[in-house]
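Down below is the structure, laid out as structure tokens.
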Amino acid sequence: MKGIGGFYYVSDGKGNVFECKARGRFRREGLKPMTGDLVEFEALRGGGSIEEILPRRNALVRPMAANIDKLLLVLSAGKPAPDLILADKLLIQAEKNKIEPVILINKTDMDRIQAEAIRRQYACYAVLLTSARTNEGIGPLKEILRGKSACFAGQSAVGKSSLLNRLDPALTLETGGLSKKTARGRHTTRQAELFYIADCDAYIIDTPGFSMFETGLDKSETAVYYPEFRIAAQACRFASCRHDKEPDCAVKAAVERGDIPRERYERYIRIIHSLEEK
Ligand SMILES: Nc1nc2c(ncn2[C@@H]2O[C@H](COP(=O)(O)OP(=O)(O)OP(=O)(O)O)[C@@H](O)[C@H]2O)c(=O)[nH]1
Ligand SMILES: [Zn+2]
């Protein structure tokens, strides 16, 4: 369920949680239990010991979570201002790891026009408009999550924990405000933690917000992870086209025609140029 200070909290799936230590050999093998892991453990008096980490279906580094079907990328339509470069990088990471992204544009109660503007940029993804304040979108979100495991991701204070509290009103996760000075989040959630939501039979991992993220990809491989580029890219003159300064680029032509959102394309260029600088 979560790890804090060398202790791992393991659920037996029957409502019992065991405070476990991990076997020393994990450390020697460079392995560490992650939130979302399936493990074999031995229950001891007053705690337990993790003996085995079962093979992972997938594992994300940022946020740190294993065995997830869907990545819930939460963006704020109000404050904090959405960092869409960060969002695009998280989408790239999801595509690369074959995890289905779902974009939640939260805080629609603060700025609906902004929410709609963001939605238009991500037309090739599943997008849901939500408000943890008014409860908008919570019913449809439950249907998206039914029977799945999912993980929240996003900046601090976009409303990840608040949405989780709405999914299961019995949860009373601490939620935080914005710092008055910086209008950034205060980082209320400290570690990734898994919750079972009985209402939609889903496992959801709440995660701490973050703002810095590198995809760790090469600039030539990045475009592959833009679903809306895929069809157009087949018609580029060069198979290796990065859709930047190359001639006869069909992706750029699609941007000009308005078939690919210009904002997405321009951020893509910023992302690959920053990779070049590195
Ligand atoms: N107006 C409005 N405020 C919201 C909404 N969702 C969350 N908030 C507020 O935004 C603040 C941050 O919410 P959290 O749920 O703590 O955000 P978080 O993404 O979990 O933040 P970290 O744990 O720091 O990553 C709190 O003051 C919430 O009450 C919403 O839909 N509308
Ligand atoms: Zn091209």
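Residues in the structure tokens are named by chain (A, B, ... in the order shown) and by number from 1 within that chain; ligands are numbered from 1 in the order shown.
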Q) Which residues, written as a PyMOL selection string, have at least one atom at most 12 Å from range 9-21 of chain A, with only C-alpha atoms counted and residues fewer than 4 positions away on the same chain left out? A) chain A and resi 1-5+25-27+32-53+192-196+198+203
File dump, residues just selected, C-alpha atoms, as a compact mmCIF listing (two decimals), in the first residue's frame:
```
# COMPACT_ATOMS: atom_id res chain seq x y z
CA MET A 1 0.00 0.00 0.00
CA LYS A 2 2.84 2.42 0.82
CA GLY A 3 6.38 2.64 2.08
CA ILE A 4 7.67 4.99 4.75
CA GLY A 5 11.12 5.06 6.28
CA ARG A 25 18.56 -9.56 -0.18
CA PHE A 26 16.28 -7.06 -1.96
CA ARG A 27 18.72 -4.32 -1.05
CA LYS A 32 12.76 -2.04 -3.59
CA PRO A 33 9.08 -2.69 -2.99
CA MET A 34 6.91 -0.08 -4.72
CA THR A 35 3.36 1.03 -4.06
CA GLY A 36 1.15 -1.24 -6.16
CA ASP A 37 3.46 -4.23 -5.91
CA LEU A 38 2.10 -7.69 -5.33
CA VAL A 39 4.24 -9.38 -2.73
CA GLU A 40 4.58 -12.57 -0.78
CA PHE A 41 5.05 -11.82 2.87
CA GLU A 42 5.28 -13.59 6.13
CA ALA A 43 3.06 -12.31 8.90
CA LEU A 44 4.97 -12.09 12.14
CA ARG A 45 3.77 -10.97 15.49
CA GLY A 46 3.20 -7.21 15.29
CA GLY A 47 4.37 -6.93 11.69
CA GLY A 48 5.76 -8.91 8.84
CA SER A 49 8.50 -9.52 6.34
CA ILE A 50 8.31 -9.17 2.55
CA GLU A 51 9.80 -12.33 1.07
CA GLU A 52 9.11 -11.94 -2.62
CA ILE A 53 8.12 -9.19 -5.04
CA ALA A 192 2.42 7.15 -2.95
CA GLU A 193 -0.37 5.27 -1.22
CA LEU A 194 -2.80 2.73 -2.58
CA PHE A 195 -6.49 2.73 -1.71
CA TYR A 196 -9.24 0.27 -2.54
CA ALA A 198 -15.22 -0.64 -3.04
CA TYR A 203 -7.31 0.20 -6.70
```
Q | Expected selection as a list in words for ligand 2 within 7 Å, only C-alpha atoms and all ligand atoms | A | Ala233, Cys236, Cys241, Arg242, His243, Asp244, Glu246, Cys249, Ala250, Val251 and Lys252 of chain A
Written selection (C-alpha atoms) as a PDB file, in the first residue's frame:
```pdb
ATOM      1  CA  ALA A 233       3.893  11.056 -39.862  1.00  0.00           C
ATOM      2  CA  CYS A 236       6.643  12.684 -44.111  1.00  0.00           C
ATOM      3  CA  CYS A 241      11.532  12.902 -39.665  1.00  0.00           C
ATOM      4  CA  ARG A 242      11.442  14.634 -36.252  1.00  0.00           C
ATOM      5  CA  HIS A 243       8.852  17.058 -37.611  1.00  0.00           C
ATOM      6  CA  ASP A 244      11.090  19.979 -36.803  1.00  0.00           C
ATOM      7  CA  GLU A 246      12.877  18.742 -42.123  1.00  0.00           C
ATOM      8  CA  CYS A 249       6.943  17.191 -43.116  1.00  0.00           C
ATOM      9  CA  ALA A 250       3.361  15.972 -43.096  1.00  0.00           C
ATOM     10  CA  VAL A 251       3.009  16.567 -39.354  1.00  0.00           C
ATOM     11  CA  LYS A 252       3.800  20.263 -39.781  1.00  0.00           C
TER      12      LYS A 252
END
```
Q.
For ligand 1, return the neighbouring residues as a list in words (distance at most 6 Å; only C-alpha atoms and all ligand atoms).
A.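 Residues satisfying the distance criterion: Asn106, Lys107, Asp109, Met110, Ser131, Ala132, Arg133, Ser156, Ala157, Val158, Gly159, Lys160, Ser161, Ser162, Thr175, Gly176, Gly177, Gly185, Arg186, His187, Thr188, Thr189, Pro208 and Gly209 of chain A.
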Q: Determine, counting only C-alpha atoms, which protein, DNA and RNA residues have an atom within 12 Å of an atom of Thr108 in chain A; residues of the same chain fewer than 4 positions away are not included. Present the result as a list in words.
A: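 Listed by chain and then number, they are Val74, Leu75, Ser76, Ala77, Gly78, Lys79, Leu104, Arg112, Ile113, Gln114, Ala115, Glu116, Ala117, Ile118, Arg119, Leu128, Leu129, Thr130, Ser131, Ala132, Arg133, Thr134, Asn135, Glu136, Gly137, Val158 and Gly159 of chain A.
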Next, dump the selected residues to file, keeping only N, CA and C atoms, as a short mmCIF file (atom, residue, chain, number, x, y, z; two decimals), in the first residue's frame.
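As written to disk, selection-v8.cif reads:
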```
data_model
loop_
_atom_site.label_atom_id
_atom_site.label_comp_id
_atom_site.auth_asym_id
_atom_site.auth_seq_id
_atom_site.Cartn_x
_atom_site.Cartn_y
_atom_site.Cartn_z
N VAL A 74 -3.99 14.57 -13.70
CA VAL A 74 -4.89 15.63 -13.22
C VAL A 74 -4.31 16.99 -13.54
N LEU A 75 -5.12 17.81 -14.20
CA LEU A 75 -4.73 19.19 -14.52
C LEU A 75 -5.73 20.12 -13.85
N SER A 76 -5.27 21.29 -13.49
CA SER A 76 -6.17 22.25 -12.88
C SER A 76 -6.60 23.27 -13.92
N ALA A 77 -7.91 23.52 -13.97
CA ALA A 77 -8.41 24.56 -14.88
C ALA A 77 -8.29 25.94 -14.22
N GLY A 78 -8.01 25.96 -12.92
CA GLY A 78 -7.87 27.24 -12.23
C GLY A 78 -6.46 27.36 -11.69
N LYS A 79 -6.36 27.55 -10.37
CA LYS A 79 -5.04 27.59 -9.75
C LYS A 79 -4.72 26.25 -9.11
N LEU A 104 -7.80 14.20 -16.46
CA LEU A 104 -8.86 14.79 -15.65
C LEU A 104 -8.59 16.27 -15.54
N ARG A 112 -14.31 27.41 -16.41
CA ARG A 112 -14.80 26.43 -17.39
C ARG A 112 -14.21 26.68 -18.78
N ILE A 113 -13.99 27.94 -19.12
CA ILE A 113 -13.46 28.26 -20.45
C ILE A 113 -12.06 27.69 -20.61
N GLN A 114 -11.26 27.86 -19.55
CA GLN A 114 -9.92 27.28 -19.54
C GLN A 114 -10.00 25.75 -19.64
N ALA A 115 -10.95 25.15 -18.93
CA ALA A 115 -11.11 23.69 -18.97
C ALA A 115 -11.40 23.23 -20.40
N GLU A 116 -12.28 23.93 -21.09
CA GLU A 116 -12.62 23.56 -22.46
C GLU A 116 -11.43 23.76 -23.40
N ALA A 117 -10.67 24.83 -23.16
CA ALA A 117 -9.50 25.11 -24.01
C ALA A 117 -8.46 24.00 -23.87
N ILE A 118 -8.27 23.51 -22.64
CA ILE A 118 -7.31 22.42 -22.43
C ILE A 118 -7.84 21.15 -23.10
N ARG A 119 -9.15 20.92 -22.95
CA ARG A 119 -9.73 19.71 -23.52
C ARG A 119 -9.48 19.64 -25.03
N LEU A 128 -11.79 13.88 -19.14
CA LEU A 128 -12.99 14.05 -18.33
C LEU A 128 -12.85 15.37 -17.57
N LEU A 129 -13.92 16.15 -17.59
CA LEU A 129 -13.93 17.39 -16.81
C LEU A 129 -14.49 17.09 -15.42
N THR A 130 -13.77 17.51 -14.40
CA THR A 130 -14.19 17.18 -13.03
C THR A 130 -14.11 18.40 -12.12
N SER A 131 -14.83 18.29 -11.04
CA SER A 131 -14.67 19.26 -9.96
C SER A 131 -14.87 18.52 -8.65
N ALA A 132 -13.84 18.52 -7.85
CA ALA A 132 -13.97 17.89 -6.53
C ALA A 132 -14.82 18.78 -5.63
N ARG A 133 -15.04 20.04 -6.06
CA ARG A 133 -15.90 20.92 -5.27
C ARG A 133 -17.38 20.63 -5.53
N THR A 134 -17.75 20.57 -6.83
CA THR A 134 -19.18 20.40 -7.16
C THR A 134 -19.56 18.96 -7.43
N ASN A 135 -18.57 18.06 -7.45
CA ASN A 135 -18.81 16.64 -7.72
C ASN A 135 -18.95 16.34 -9.22
N GLU A 136 -18.74 17.31 -10.07
CA GLU A 136 -18.85 17.08 -11.52
C GLU A 136 -17.89 15.97 -11.95
N GLY A 137 -18.39 15.07 -12.76
CA GLY A 137 -17.53 14.05 -13.37
C GLY A 137 -17.20 12.87 -12.48
N VAL A 158 -3.44 20.23 -7.54
CA VAL A 158 -4.43 20.19 -8.62
C VAL A 158 -5.72 19.49 -8.15
N GLY A 159 -5.63 18.75 -7.04
CA GLY A 159 -6.85 18.15 -6.49
C GLY A 159 -6.88 16.63 -6.53
#
```
Please list as a PDB file with N, CA and C atoms, in the first residue's frame every residue within 8 Å of range 258-271 of chain A, counting only C-alpha atoms and excluding residues in the same chain fewer than 6 positions away.
```pdb
ATOM      1  N   ILE A  85       3.553  21.357 -20.327  1.00  0.00           N
ATOM      2  CA  ILE A  85       4.785  20.638 -20.709  1.00  0.00           C
ATOM      3  C   ILE A  85       4.926  19.403 -19.823  1.00  0.00           C
ATOM      4  N   ASP A  88       2.422  16.878 -20.972  1.00  0.00           N
ATOM      5  CA  ASP A  88       2.820  16.178 -22.201  1.00  0.00           C
ATOM      6  C   ASP A  88       3.897  15.137 -21.900  1.00  0.00           C
ATOM      7  N   ARG A 120      -9.610  20.789 -25.713  1.00  0.00           N
ATOM      8  CA  ARG A 120      -9.430  20.802 -27.176  1.00  0.00           C
ATOM      9  C   ARG A 120      -8.022  20.376 -27.591  1.00  0.00           C
ATOM     10  N   GLN A 121      -7.041  20.675 -26.739  1.00  0.00           N
ATOM     11  CA  GLN A 121      -5.663  20.306 -27.077  1.00  0.00           C
ATOM     12  C   GLN A 121      -5.411  18.808 -26.955  1.00  0.00           C
ATOM     13  N   ALA A 223       8.662  11.619 -30.843  1.00  0.00           N
ATOM     14  CA  ALA A 223       7.446  11.830 -31.643  1.00  0.00           C
ATOM     15  C   ALA A 223       6.549  10.605 -31.699  1.00  0.00           C
ATOM     16  N   GLU A 228      -1.477  11.699 -31.890  1.00  0.00           N
ATOM     17  CA  GLU A 228      -2.094  12.490 -32.956  1.00  0.00           C
ATOM     18  C   GLU A 228      -1.139  12.769 -34.118  1.00  0.00           C
ATOM     19  N   PHE A 229       0.169  12.440 -33.927  1.00  0.00           N
ATOM     20  CA  PHE A 229       1.132  12.620 -35.024  1.00  0.00           C
ATOM     21  C   PHE A 229       1.165  11.387 -35.938  1.00  0.00           C
ATOM     22  N   ASP A 244      10.561  18.711 -37.289  1.00  0.00           N
ATOM     23  CA  ASP A 244      11.090  19.979 -36.803  1.00  0.00           C
ATOM     24  C   ASP A 244      11.450  20.855 -38.000  1.00  0.00           C
ATOM     25  N   VAL A 251       3.528  16.194 -40.669  1.00  0.00           N
ATOM     26  CA  VAL A 251       3.009  16.567 -39.354  1.00  0.00           C
ATOM     27  C   VAL A 251       2.852  18.087 -39.283  1.00  0.00           C
TER      28      VAL A 251
END
```
Q) Hey, which of A:Asp111, A:Arg166, A:Leu72, A:Glu214 ends up closest to Ile92 in chain A? Count only C-alpha atoms. A)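 The answer is A:Glu214, which sits nearest to Ile92 in chain A.
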Q. So which residues touch Val102 in chain A within 7 Å, counting only C-alpha atoms, skipping near sequence neighbours fewer than 6 positions away, as a VMD selection string?
A. chain A and resid 70 to 73 125 to 127
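Take the candidates A:Glu100, A:Tyr122, A:Ala65, A:Ala253 and check each one against Ala87 in chain A using only C-alpha atoms; the shortest distance goes to A:Tyr122.
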